[in-house]
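Engineer: Contents of model_16.txt (compact mmCIF, C-alpha atoms) are below:
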# COMPACT_ATOMS: atom_id res chain seq x y z
CA VAL A 4 9.54 94.47 -5.43
CA SER A 5 6.46 94.99 -3.32
CA LEU A 6 3.26 96.36 -4.71
CA ARG A 7 3.60 99.33 -2.39
CA ALA A 8 7.00 100.15 -3.87
CA GLN A 9 5.67 99.69 -7.39
CA ILE A 10 2.77 102.04 -6.68
CA HIS A 11 5.07 104.61 -5.10
CA ALA A 12 7.37 104.53 -8.08
CA ALA A 13 4.54 104.63 -10.59
CA ILE A 14 2.71 107.55 -9.00
CA ASP A 15 5.85 109.49 -8.23
CA GLU A 16 6.50 109.57 -11.96
CA VAL A 17 3.34 111.64 -12.45
CA ALA A 18 3.49 113.57 -9.18
CA PRO A 19 6.42 115.94 -9.47
CA PRO A 20 7.15 117.81 -6.26
CA ASP A 21 5.83 121.33 -6.24
CA PRO A 22 7.34 123.56 -3.58
CA SER A 23 4.99 126.40 -4.45
CA LEU A 24 1.91 124.33 -3.76
CA HIS A 25 1.45 125.57 -0.21
CA SER A 26 1.71 129.23 -1.08
CA GLU A 27 -0.58 128.69 -4.08
CA MET A 28 -3.30 127.19 -1.95
CA ALA A 29 -2.90 129.88 0.69
CA ALA A 30 -3.29 132.49 -2.02
CA VAL A 31 -6.40 130.78 -3.32
CA ILE A 32 -7.95 130.78 0.12
CA HIS A 33 -7.09 134.40 0.76
CA ALA A 34 -8.42 135.42 -2.62
CA HIS A 35 -11.72 133.80 -1.82
CA ALA A 36 -11.82 135.10 1.72
CA ALA A 37 -13.57 138.19 0.45
CA ARG A 38 -16.49 135.97 -0.42
CA ARG A 39 -16.50 134.52 3.06
CA PRO A 40 -19.85 134.99 4.78
CA ARG A 41 -20.03 138.03 6.94
CA ARG A 42 -20.45 137.93 10.65
CA LEU A 43 -23.90 138.88 11.75
CA PHE A 44 -24.70 139.47 15.40
CA GLY A 45 -21.47 137.75 16.25
CA LEU A 46 -22.37 134.60 14.35
CA ASN A 47 -20.92 133.22 11.18
CA VAL A 48 -23.70 133.48 8.64
CA VAL A 49 -23.10 130.99 5.92
CA LEU A 50 -24.62 132.00 2.63
CA PRO A 51 -24.26 128.98 0.40
CA VAL A 52 -24.82 131.03 -2.71
CA ARG A 53 -24.53 128.18 -5.15
CA ARG A 54 -26.92 125.98 -3.21
CA LEU A 55 -29.30 128.86 -2.70
CA ALA A 56 -29.23 129.63 -6.39
CA THR A 57 -29.86 126.01 -7.19
CA ALA A 58 -32.81 125.89 -4.83
CA VAL A 59 -34.23 129.10 -6.26
CA ALA A 60 -33.79 127.80 -9.80
CA ALA A 61 -35.48 124.53 -8.90
CA ALA A 62 -38.33 126.37 -7.24
CA LEU A 63 -38.73 128.58 -10.30
CA ILE A 64 -38.85 125.56 -12.55
CA VAL A 65 -41.50 123.95 -10.37
CA VAL A 66 -43.54 127.16 -10.32
CA LEU A 67 -43.14 127.46 -14.08
CA MET A 68 -44.28 123.89 -14.65
CA ILE A 69 -47.29 124.33 -12.39
CA GLY A 70 -48.08 127.58 -14.15
CA LEU A 71 -47.87 125.94 -17.53
CA VAL A 72 -50.14 123.12 -16.46
CA LEU A 73 -52.70 125.46 -14.91
CA THR A 74 -52.53 127.90 -17.78
CA GLY A 75 -52.86 125.06 -20.23
CA ARG A 76 -55.93 123.77 -18.48
CA VAL A 77 -57.49 127.20 -18.29
CA TRP A 78 -56.62 127.82 -21.92
CA ARG A 79 -58.00 124.47 -22.90
CA ASP A 80 -61.26 124.95 -21.04
CA VAL A 81 -61.78 128.61 -21.77
CA GLY A 82 -60.45 128.33 -25.29
CA ILE A 83 -62.61 125.43 -26.30
CA PHE A 84 -65.76 126.70 -24.70
CA GLY A 85 -64.88 130.17 -25.90
CA SER A 86 -64.44 128.99 -29.44
CA ALA A 87 -67.69 127.11 -29.23
CA GLN A 88 -69.39 130.29 -28.11
CA HIS A 89 -67.71 132.58 -30.55
CA THR A 90 -67.29 130.60 -33.71
CA VAL A 91 -70.32 128.39 -33.65
CA ASP A 92 -73.37 129.89 -35.19
CA GLN A 93 -75.47 130.15 -32.07
CA ALA A 94 -78.69 130.56 -33.98
CA LYS A 95 -78.09 127.35 -35.86
CA LEU A 96 -77.04 125.58 -32.71
CA SER A 97 -80.20 126.70 -30.97
CA GLN A 98 -82.15 125.49 -33.95
CA LEU A 99 -80.60 122.05 -33.59
CA LEU A 100 -81.08 121.96 -29.84
CA ALA A 101 -84.74 122.75 -30.31
CA ARG A 102 -85.29 119.71 -32.46
CA PRO A 103 -87.02 116.87 -30.65
CA LEU A 104 -85.46 113.48 -30.24
CA LEU A 105 -86.97 111.11 -32.75
CA LEU A 106 -85.78 107.94 -31.13
CA PRO A 107 -87.88 104.83 -30.86
CA SER A 108 -88.67 103.11 -27.62
CA VAL A 109 -88.04 99.49 -26.83
CA PRO A 110 -90.05 97.53 -24.29
CA VAL A 111 -88.14 96.10 -21.37
CA GLY A 112 -86.48 92.91 -22.55
CA GLY A 113 -87.39 93.70 -26.14
CA ILE A 114 -85.10 93.29 -29.11
CA CYS A 115 -82.80 96.22 -29.65
CA PRO A 116 -83.12 97.53 -33.20
CA ASP A 117 -79.40 97.73 -33.88
CA THR A 118 -78.26 99.76 -36.82
CA PRO A 119 -76.02 97.76 -39.15
CA TYR A 120 -72.40 98.70 -39.03
CA THR A 121 -71.23 100.22 -42.28
CA PRO A 122 -67.99 98.47 -43.13
CA SER A 123 -64.89 100.31 -44.14
CA ASP A 124 -64.45 101.39 -47.71
CA PRO A 125 -60.80 102.00 -48.54
CA GLY A 126 -61.82 103.40 -51.91
CA ARG A 127 -63.65 106.22 -50.17
CA ASN A 128 -61.12 106.44 -47.40
CA PHE A 129 -63.87 105.48 -44.99
CA VAL A 130 -62.91 103.48 -41.93
CA GLY A 131 -66.39 102.24 -41.19
CA GLY A 132 -68.95 103.15 -38.57
CA TYR A 133 -72.55 103.45 -37.47
CA GLY A 134 -74.86 105.83 -39.23
CA SER A 135 -76.17 106.61 -42.66
CA GLY A 136 -74.01 109.67 -43.19
CA PRO A 137 -72.82 112.30 -43.43
CA VAL A 138 -71.94 111.67 -39.74
CA TYR A 139 -70.60 108.32 -38.64
CA SER A 140 -69.78 106.99 -35.19
CA SER A 141 -67.19 104.43 -34.28
CA GLY A 142 -69.68 103.27 -31.68
CA ILE A 143 -68.02 101.23 -29.01
CA GLY A 144 -64.54 102.27 -28.01
CA ALA A 145 -62.56 101.75 -24.87
CA ARG A 146 -64.71 101.11 -21.82
CA PHE A 147 -64.25 102.77 -18.44
CA ALA A 148 -66.40 101.63 -15.55
CA THR A 149 -66.99 103.79 -12.51
CA PRO A 150 -69.22 103.24 -9.50
CA SER A 151 -71.78 105.48 -11.20
CA GLY A 152 -71.91 103.86 -14.58
CA ASN A 153 -70.07 102.94 -17.72
CA TYR A 154 -68.28 105.12 -20.23
CA PHE A 155 -67.18 104.30 -23.74
CA GLY A 156 -64.79 106.18 -25.89
CA ALA A 157 -66.21 107.08 -29.27
CA PHE A 158 -65.09 108.77 -32.41
CA TYR A 159 -67.31 110.78 -34.70
CA ALA A 160 -66.46 111.67 -38.25
CA ARG A 161 -68.27 113.77 -40.79
CA ALA A 162 -67.85 112.79 -44.40
CA ASP A 163 -68.50 116.19 -45.93
CA GLN A 164 -66.92 119.55 -45.30
CA GLY A 165 -68.68 122.53 -43.86
CA SER A 166 -68.69 124.95 -41.00
CA ASP A 167 -72.10 124.48 -39.49
CA PRO A 168 -72.56 122.88 -36.09
CA THR A 169 -73.62 119.30 -35.69
CA LEU A 170 -75.34 118.02 -32.58
CA VAL A 171 -75.32 114.55 -31.09
CA ARG A 172 -77.75 113.43 -28.42
CA GLY A 173 -78.92 110.05 -27.27
CA ARG A 174 -80.90 108.04 -24.79
CA ASP A 175 -81.39 104.53 -23.61
CA LEU A 176 -84.28 103.16 -25.63
CA GLU A 177 -85.49 100.95 -22.80
CA THR A 178 -85.04 103.11 -19.73
CA ASN A 179 -85.17 106.52 -21.38
CA GLN A 180 -82.00 107.61 -19.55
CA ALA A 181 -80.08 110.30 -21.36
CA VAL A 182 -76.68 109.53 -22.78
CA LEU A 183 -74.07 111.62 -21.00
CA PHE A 184 -71.27 113.18 -22.99
CA ALA A 185 -67.94 114.31 -21.65
CA ARG A 186 -64.75 115.65 -23.10
CA SER A 187 -62.47 112.78 -23.87
CA PRO A 188 -59.85 112.68 -21.10
CA TYR A 189 -57.27 111.06 -23.32
CA GLY A 190 -58.06 112.54 -26.69
CA LYS A 191 -56.66 115.61 -28.35
CA TYR A 192 -59.48 116.34 -30.73
CA SER A 193 -62.47 116.18 -28.52
CA GLY A 194 -65.97 117.11 -29.37
CA THR A 195 -67.53 119.78 -27.15
CA PRO A 196 -70.12 118.71 -24.61
CA ILE A 197 -72.68 121.47 -24.34
CA GLY A 198 -75.64 122.40 -22.25
CA LYS A 199 -75.80 122.39 -18.52
CA VAL A 200 -73.70 120.00 -16.49
CA VAL A 201 -76.01 117.19 -15.48
CA ALA A 202 -73.51 115.17 -13.48
CA VAL A 203 -69.86 114.90 -12.53
CA ASP A 204 -67.80 111.74 -12.37
CA THR A 205 -64.17 110.67 -12.22
CA VAL A 206 -62.85 108.81 -15.22
CA LEU A 207 -59.22 107.79 -15.59
CA GLY A 208 -58.42 109.79 -12.51
CA GLN A 209 -59.84 112.98 -13.97
CA GLN A 210 -63.02 114.67 -13.02
CA VAL A 211 -65.29 114.95 -16.02
CA GLN A 212 -68.39 117.05 -16.42
CA LEU A 213 -71.26 115.28 -18.06
CA HIS A 214 -73.62 116.95 -20.48
CA ALA A 215 -76.63 115.77 -22.41
CA ALA A 216 -75.42 116.88 -25.83
CA LEU A 217 -72.24 116.87 -27.87
CA LEU A 218 -71.31 119.54 -30.36
CA LEU A 219 -69.22 118.61 -33.36
CA ASP A 220 -67.80 121.94 -34.41
CA GLN A 221 -66.54 121.84 -37.96
CA SER A 222 -65.55 125.48 -37.91
CA ASP A 223 -62.82 124.86 -35.36
CA GLN A 224 -60.05 123.67 -37.63
CA SER A 225 -57.55 123.39 -34.80
CA ARG A 226 -59.55 120.54 -33.35
CA PHE A 227 -60.65 119.04 -36.60
CA ASN A 228 -58.57 116.04 -37.39
CA GLY A 229 -61.02 114.13 -39.47
CA GLY A 230 -63.32 113.85 -36.52
CA TRP A 231 -63.95 114.27 -32.88
CA GLU A 232 -63.34 112.09 -29.88
CA ALA A 233 -65.81 111.90 -27.04
CA LEU A 234 -66.67 110.01 -23.94
CA GLN A 235 -70.21 108.64 -23.82
CA GLY A 236 -71.59 107.56 -20.49
CA PHE A 237 -74.54 105.49 -19.39
CA ALA A 238 -75.56 105.69 -15.76
CA ASN A 239 -76.18 102.56 -13.74
CA GLY A 240 -79.50 101.00 -14.64
CA ALA A 241 -79.18 101.58 -18.36
CA SER A 242 -80.12 98.66 -20.59
CA GLY A 243 -77.39 99.26 -23.13
CA CYS A 244 -79.76 99.63 -26.05
CA ILE A 245 -78.77 103.16 -26.96
CA GLY A 246 -80.24 105.35 -29.64
CA PHE A 247 -78.29 108.31 -31.00
CA GLN A 248 -79.66 111.21 -32.92
CA VAL A 249 -77.44 113.45 -34.97
CA ASP A 250 -78.82 116.75 -36.18
CA GLY A 251 -76.94 118.96 -38.55
CA PHE A 252 -77.02 121.03 -41.68
CA ASN A 253 -76.48 119.90 -45.20
CA ALA A 254 -74.44 121.92 -47.62
CA ASP A 255 -77.59 123.55 -48.98
CA GLY A 256 -78.58 124.70 -45.49
CA THR A 257 -81.31 122.17 -44.93
CA VAL A 258 -81.38 120.26 -41.68
CA PHE A 259 -80.77 116.55 -41.60
CA THR A 260 -81.49 114.12 -38.80
CA GLU A 261 -79.72 110.86 -38.56
CA VAL A 262 -80.57 108.10 -36.12
CA PHE A 263 -78.66 104.95 -35.29
CA VAL A 264 -78.91 102.40 -32.51
CA ILE A 265 -76.05 100.58 -30.87
CA SER A 266 -76.23 97.75 -28.34
CA TYR A 267 -73.72 98.09 -25.53
CA LEU A 268 -72.95 95.23 -23.17
CA LEU A 269 -73.03 96.91 -19.77
CA LEU B 8 2.68 113.93 7.98
CA GLN B 9 1.71 116.01 10.92
CA ARG B 10 -1.74 115.60 12.28
CA VAL B 11 -3.66 118.34 13.92
CA ASP B 12 -5.12 116.59 16.91
CA ASP B 13 -6.17 119.35 19.23
CA GLY B 14 -9.75 120.06 18.31
CA ARG B 15 -10.15 122.86 20.83
CA LYS B 16 -7.08 124.59 19.59
CA LEU B 17 -8.37 124.14 16.07
CA SER B 18 -11.65 125.82 16.87
CA LEU B 19 -9.89 128.73 18.49
CA GLU B 20 -7.56 129.09 15.58
CA TYR B 21 -10.37 128.88 13.12
CA SER B 22 -12.13 131.74 14.75
CA GLY B 23 -9.22 133.83 13.56
CA GLY B 24 -10.35 133.55 9.95
CA GLU B 25 -8.75 132.45 6.74
CA GLN B 26 -5.23 132.88 8.04
CA ALA B 27 -5.81 130.25 10.71
CA PHE B 28 -7.55 128.00 8.23
CA THR B 29 -4.67 128.31 5.80
CA GLU B 30 -2.24 127.32 8.50
CA LEU B 31 -4.31 124.25 9.20
CA LEU B 32 -4.54 123.46 5.54
CA ILE B 33 -0.87 123.71 4.69
CA PRO B 34 0.16 120.33 6.19
CA LEU B 35 -2.67 118.76 4.20
CA VAL B 36 -1.81 120.25 0.84
CA GLU B 37 0.93 117.83 -0.03
CA PRO B 38 -0.98 114.63 0.82
CA GLY B 39 -3.96 116.07 -0.99
CA TYR B 40 -1.85 116.75 -4.05
CA ARG B 41 -0.32 113.29 -3.96
CA LEU B 42 -3.73 111.71 -3.62
CA ALA B 43 -4.99 113.72 -6.58
CA CYS B 44 -1.96 112.65 -8.61
CA ALA B 45 -2.57 109.05 -7.66
CA MET B 46 -6.17 109.37 -8.73
CA LEU B 47 -5.75 111.37 -11.92
CA HIS B 48 -2.13 110.70 -12.96
CA ASP B 49 -1.96 114.25 -14.18
CA PRO B 50 -0.18 116.90 -12.06
CA GLN B 51 -1.98 119.81 -13.73
CA ALA B 52 -5.38 118.24 -13.10
CA ALA B 53 -4.23 117.47 -9.56
CA HIS B 54 -3.47 121.17 -9.05
CA ASP B 55 -6.93 122.12 -10.18
CA VAL B 56 -8.53 119.51 -8.01
CA LEU B 57 -6.55 120.62 -5.01
CA GLN B 58 -7.67 124.20 -5.52
CA ASP B 59 -11.29 123.13 -5.72
CA ALA B 60 -10.89 120.90 -2.70
CA SER B 61 -9.25 123.67 -0.68
CA LEU B 62 -12.08 126.06 -1.44
CA THR B 63 -14.66 123.42 -0.66
CA ALA B 64 -12.93 122.76 2.63
CA TRP B 65 -12.83 126.47 3.32
CA ARG B 66 -16.55 126.77 2.73
CA LYS B 67 -17.51 123.66 4.66
CA PHE B 68 -15.07 123.84 7.48
CA GLY B 69 -17.66 125.19 9.86
CA ARG B 70 -19.60 121.94 9.52
CA LEU B 71 -16.69 119.75 10.52
CA ARG B 72 -17.53 118.48 13.97
CA ASP B 73 -14.73 116.05 14.71
CA HIS B 74 -11.63 118.10 14.20
CA ASP B 75 -9.45 115.12 14.99
CA ARG B 76 -10.38 113.84 11.60
CA LEU B 77 -9.35 116.92 9.70
CA ARG B 78 -6.94 115.08 7.43
CA SER B 79 -9.41 112.31 6.62
CA TRP B 80 -12.07 114.89 6.00
CA PHE B 81 -9.89 116.90 3.65
CA LEU B 82 -8.64 113.84 1.77
CA GLY B 83 -12.25 112.75 1.37
CA ILE B 84 -13.00 116.10 -0.24
CA VAL B 85 -10.01 115.69 -2.54
CA ALA B 86 -11.21 112.22 -3.52
CA ASN B 87 -14.67 113.59 -4.33
CA GLU B 88 -13.20 116.40 -6.38
CA CYS B 89 -11.14 113.85 -8.28
CA ARG B 90 -14.29 111.97 -9.14
CA ASN B 91 -15.91 115.18 -10.29
CA ALA B 92 -12.85 116.05 -12.32
CA ARG B 93 -12.92 112.73 -14.11
CA ARG B 94 -16.50 113.39 -15.03
CA ARG B 95 -15.64 116.67 -16.66
CA LYS B 96 -14.73 116.77 -20.28
CA TRP B 97 -11.41 118.37 -19.79
CA VAL B 98 -10.26 115.29 -17.97
CA ALA B 99 -11.80 113.06 -20.55
CA GLY B 100 -9.39 110.28 -19.94
CA VAL B 101 -6.83 109.33 -17.38
CA ASN B 102 -3.40 110.54 -18.35
CA LEU B 103 -1.16 107.58 -17.88
CA GLY B 104 2.01 109.64 -18.06
CA LEU B 105 4.75 108.97 -20.50
CA PRO B 106 4.15 106.37 -23.16
CA THR B 107 5.82 103.08 -22.34
CA TRP B 108 8.21 103.33 -25.25
CA LEU B 109 9.59 106.59 -23.83
CA SER B 110 9.98 105.49 -20.24
CA VAL B 111 13.36 104.36 -19.10
CA ARG B 112 13.07 100.74 -18.19
CA SER B 113 15.48 98.86 -16.05
CA GLU B 114 14.50 95.24 -16.27
CA ASP B 115 16.60 94.32 -13.29
CA GLU B 116 14.92 96.76 -10.97
CA ARG B 117 11.38 96.84 -12.21
CA VAL B 118 9.16 93.89 -12.70
CA VAL B 119 6.59 96.04 -14.39
CA ASP B 120 6.89 99.64 -15.36
CA GLY B 121 5.01 102.55 -13.87
CA ALA B 122 2.59 102.93 -16.73
CA ASP B 123 1.33 99.41 -16.21
CA VAL B 124 0.81 100.04 -12.51
CA ARG B 125 -1.01 103.28 -13.23
CA ARG B 126 -3.11 101.57 -15.85
CA ALA B 127 -4.04 98.83 -13.40
CA LEU B 128 -4.84 101.45 -10.79
CA ALA B 129 -6.94 103.40 -13.21
CA ARG B 130 -9.03 100.32 -13.91
CA LEU B 131 -10.16 100.13 -10.32
CA PRO B 132 -13.50 101.66 -9.35
CA HIS B 133 -13.22 105.12 -7.83
CA ARG B 134 -13.63 104.06 -4.24
CA ASP B 135 -11.18 101.20 -4.52
CA ARG B 136 -8.68 103.48 -6.20
CA VAL B 137 -8.98 105.95 -3.33
CA MET B 138 -8.35 103.19 -0.83
CA VAL B 139 -5.31 101.87 -2.65
CA ALA B 140 -3.86 105.36 -3.05
CA LEU B 141 -4.39 106.24 0.60
CA PHE B 142 -3.03 102.98 1.93
CA PHE B 143 -0.19 102.18 -0.46
CA TYR B 144 0.84 105.60 -1.66
CA LEU B 145 0.06 107.95 1.20
CA ASP B 146 0.85 105.18 3.69
CA LEU B 147 -2.10 106.01 5.87
CA PRO B 148 -3.09 103.50 8.55
CA LEU B 149 -6.02 101.31 7.66
CA GLU B 150 -8.23 102.98 10.26
CA GLU B 151 -7.71 106.39 8.71
CA VAL B 152 -8.33 105.05 5.23
CA ALA B 153 -11.62 103.66 6.49
CA VAL B 154 -12.61 107.00 8.00
CA THR B 155 -11.67 108.84 4.81
CA VAL B 156 -13.81 106.68 2.56
CA GLY B 157 -16.57 106.36 5.13
CA ALA B 158 -16.42 102.61 5.55
CA SER B 159 -15.69 100.21 8.36
CA VAL B 160 -12.18 98.94 8.87
CA ALA B 161 -13.22 95.40 8.02
CA ALA B 162 -14.89 96.48 4.81
CA THR B 163 -11.91 98.61 3.90
CA ARG B 164 -9.55 95.72 4.49
CA ALA B 165 -11.67 93.42 2.36
CA ARG B 166 -11.91 95.93 -0.47
CA LEU B 167 -8.21 96.61 -0.36
CA TYR B 168 -7.54 92.90 -0.55
CA ARG B 169 -9.80 92.55 -3.57
CA SER B 170 -8.26 95.59 -5.22
CA VAL B 171 -4.76 94.25 -4.77
CA ARG B 172 -5.74 90.91 -6.24
CA ARG B 173 -7.33 92.64 -9.16
CA MET B 174 -4.32 94.87 -9.74
CA ARG B 175 -1.93 91.95 -9.55
CA ALA B 176 -4.04 90.04 -12.02
CA ASP B 177 -4.01 93.02 -14.38
CA LEU B 178 -0.28 93.41 -14.06
CA GLU B 179 0.33 89.74 -14.71
CA ILE B 180 -1.81 89.83 -17.80
CA GLN B 181 0.05 92.86 -19.05
CA GLU B 182 3.36 91.17 -18.42
CA ALA B 183 2.22 88.09 -20.25
CA LEU B 184 1.15 90.21 -23.19
CA GLN B 185 4.52 91.83 -23.34
Starting from the coordinates I provided, produce the structure as structure tokens.
Structural biologist:
Amino acid sequence: VSLRAQIHAAIDEVAPPDPSLHSEMAAVIHAHAARRPRRLFGLNVVLPVRRLATAVAAALIVVLMIGLVLTGRVWRDVGIFGSAQHTVDQAKLSQLLARPLLLPSVPVGGICPDTPYTPSDPGRNFVGGYGSGPVYSSGIGARFATPSGNYFGAFYARADQGSDPTLVRGRDLETNQAVLFARSPYGKYSGTPIGKVVAVDTVLGQQVQLHAALLLDQSDQSRFNGGWEALQGFANGASGCIGFQVDGFNADGTVFTEVFVISYLL
Amino acid sequence: LQRVDDGRKLSLEYSGGEQAFTELLIPLVEPGYRLACAMLHDPQAAHDVLQDASLTAWRKFGRLRDHDRLRSWFLGIVANECRNARRRKWVAGVNLGLPTWLSVRSEDERVVDGADVRRALARLPHRDRVMVALFFYLDLPLEEVAVTVGASVAATRARLYRSVRRMRADLEIQEALQ
């Protein structure tokens, strides 16, 4: 028995003849003829409804996605800056901004007066950092180099609770260049750079606006996750001996100033 | 099977609307149904597929340029609809027909029974199964099989050869197991 005969026999078992098949298919076609595209100016106008609907749906999805992204960005920018403007005590913030920088200077080639790193203390649930408290900095995080300078990710944490603003500023102790702060491009809980935009750069493919001060807003609980992320930049020419000054309010309303120095290898 | 070879006549007839199209389709219904049965092994599913294929052909007929290849074109649509049907849940598995213990076996006449052949056929990849069905079941010439599946004649011949070897191997294994 040939394979052809075997296949014929095998398929014929599951393919019973159906004399009504032709009329069935003709009926199907006639039933759908009403949906046949109309003739327009003597031409057959094909309206592929399903394909058109698919294209429209795809376009809507794309528009929706773009809208979500744009809206999210606007919301993020407006919302964060808005919250900084509306929830932060502007008088207290102005008070902090008015405080002078009390950072030492280092002669060119001099020894950088590094602040000792406070090791972690599991008993106090403290992960370690630079500073004498209540604000601590992780110091040197991920580094991103651009043609204009170097940026380091940093994380700030405040040990006590409160709702008053805290301000971080800094400068290179040798060259006197200001430390530039930007919103962390990869972080969710970013601190808020404030003041005028002093420069713009592209980090991790995103344009970032650089400011000379960073606000740690404790009143914004939605962004408070034990601390704030930030991007700290040093323009080309910096020595890497960087002094930071943190100004804030204690629980009793008095102002504290905290200074620490970190050496960055640029 | 009767082929519709006159492309000019076809175009003129088509301009008459669905009636003309239906007349062109009628000679293709039976081979389409048989192909669907060969692919799905389920007459009910083959009916559904044939309906879908007929409507698809109706919608796309205006794009068919080479009317000499009407049958190949339509059988290609049927084959695609069969693939779609197998993807759908309601054709979750290939119906292999009657269970072997219910089929009437005549050992003198049949080396292997139909279920084994269908099972071996079902194991082939979709494209190979289409080729085998067109060539061995619909008895189409190799050239037309090649046109239907969109391959060269040489490639079609080679794939058919491989498919037959694979089917024979499957059948032999099944025989040995029995």
Engineer: What residues in chain A lie within 9 Å of chain B, counting only C-alpha atoms, written as a VMD selection string?
Structural biologist: chain A and resid 4 6 to 21 24 to 33 35 to 36 39 47 49 51
Engineer: What is the atom CA of Ser222 of chain A to atom CA of Ser166 of chain A distance in Å?
Structural biologist: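 That distance, rounded to one decimal, is 4.4 Å.
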Engineer: Find the residues around segment 134-147 of chain A up to 10 Å (all atoms listed in the file counted), leave out those fewer than 5 positions away in its own chain, and share them as number ranges by chain.
Structural biologist: A: 118-121, 129, 152-164, 169, 171, 206-207, 219, 230-236, 247-253, 259-269
Engineer: Those residues with C-alpha atoms, as a short mmCIF file (atom, residue, chain, number, x, y, z; two decimals), in the frame of the given file please?
Structural biologist:
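Full text of part-v7.cif as output:
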data_model
loop_
_atom_site.label_atom_id
_atom_site.label_comp_id
_atom_site.auth_asym_id
_atom_site.auth_seq_id
_atom_site.Cartn_x
_atom_site.Cartn_y
_atom_site.Cartn_z
CA THR A 118 -78.26 99.76 -36.82
CA PRO A 119 -76.02 97.76 -39.15
CA TYR A 120 -72.40 98.70 -39.03
CA THR A 121 -71.23 100.22 -42.28
CA PHE A 129 -63.87 105.48 -44.99
CA GLY A 152 -71.91 103.86 -14.58
CA ASN A 153 -70.07 102.94 -17.72
CA TYR A 154 -68.28 105.12 -20.23
CA PHE A 155 -67.18 104.30 -23.74
CA GLY A 156 -64.79 106.18 -25.89
CA ALA A 157 -66.21 107.08 -29.27
CA PHE A 158 -65.09 108.77 -32.41
CA TYR A 159 -67.31 110.78 -34.70
CA ALA A 160 -66.46 111.67 -38.25
CA ARG A 161 -68.27 113.77 -40.79
CA ALA A 162 -67.85 112.79 -44.40
CA ASP A 163 -68.50 116.19 -45.93
CA GLN A 164 -66.92 119.55 -45.30
CA THR A 169 -73.62 119.30 -35.69
CA VAL A 171 -75.32 114.55 -31.09
CA VAL A 206 -62.85 108.81 -15.22
CA LEU A 207 -59.22 107.79 -15.59
CA LEU A 219 -69.22 118.61 -33.36
CA GLY A 230 -63.32 113.85 -36.52
CA TRP A 231 -63.95 114.27 -32.88
CA GLU A 232 -63.34 112.09 -29.88
CA ALA A 233 -65.81 111.90 -27.04
CA LEU A 234 -66.67 110.01 -23.94
CA GLN A 235 -70.21 108.64 -23.82
CA GLY A 236 -71.59 107.56 -20.49
CA PHE A 247 -78.29 108.31 -31.00
CA GLN A 248 -79.66 111.21 -32.92
CA VAL A 249 -77.44 113.45 -34.97
CA ASP A 250 -78.82 116.75 -36.18
CA GLY A 251 -76.94 118.96 -38.55
CA PHE A 252 -77.02 121.03 -41.68
CA ASN A 253 -76.48 119.90 -45.20
CA PHE A 259 -80.77 116.55 -41.60
CA THR A 260 -81.49 114.12 -38.80
CA GLU A 261 -79.72 110.86 -38.56
CA VAL A 262 -80.57 108.10 -36.12
CA PHE A 263 -78.66 104.95 -35.29
CA VAL A 264 -78.91 102.40 -32.51
CA ILE A 265 -76.05 100.58 -30.87
CA SER A 266 -76.23 97.75 -28.34
CA TYR A 267 -73.72 98.09 -25.53
CA LEU A 268 -72.95 95.23 -23.17
CA LEU A 269 -73.03 96.91 -19.77
#
Engineer: Please provide the set of residues having any atom within 6 Å of Pro196 of chain A, restricted to all atoms listed in the file, with same-chain residues fewer than 3 positions apart removed, written as a ChimeraX atom specification.
Structural biologist: /A:184-185,214,216-218
Engineer: Find the distance between atom CA of Val56 of chain B and atom CA of Ala60 of chain A and write it in Å to one decimal.
Structural biologist: 26.6 Å
Engineer: Could you state the separation of atom CA of Ala254 of chain A and atom CA of Leu106 of chain A in Å, given to one decimal place?
Structural biologist: 24.4 Å
Engineer: Ranking B:Leu31, B:Ala86, B:Ala92, B:Val152 by minimum distance to Phe68 of chain B and counting all atoms listed in the file, which one comes first?
Structural biologist: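 For Phe68 of chain B, the nearest of the candidates is B:Leu31.
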Engineer: Measuring atom to atom with all atoms listed in the file, identify which of A:Arg186, A:Arg54, A:Arg102, A:Arg174 is nearest to Gln209 of chain A.
Structural biologist: A:Arg186
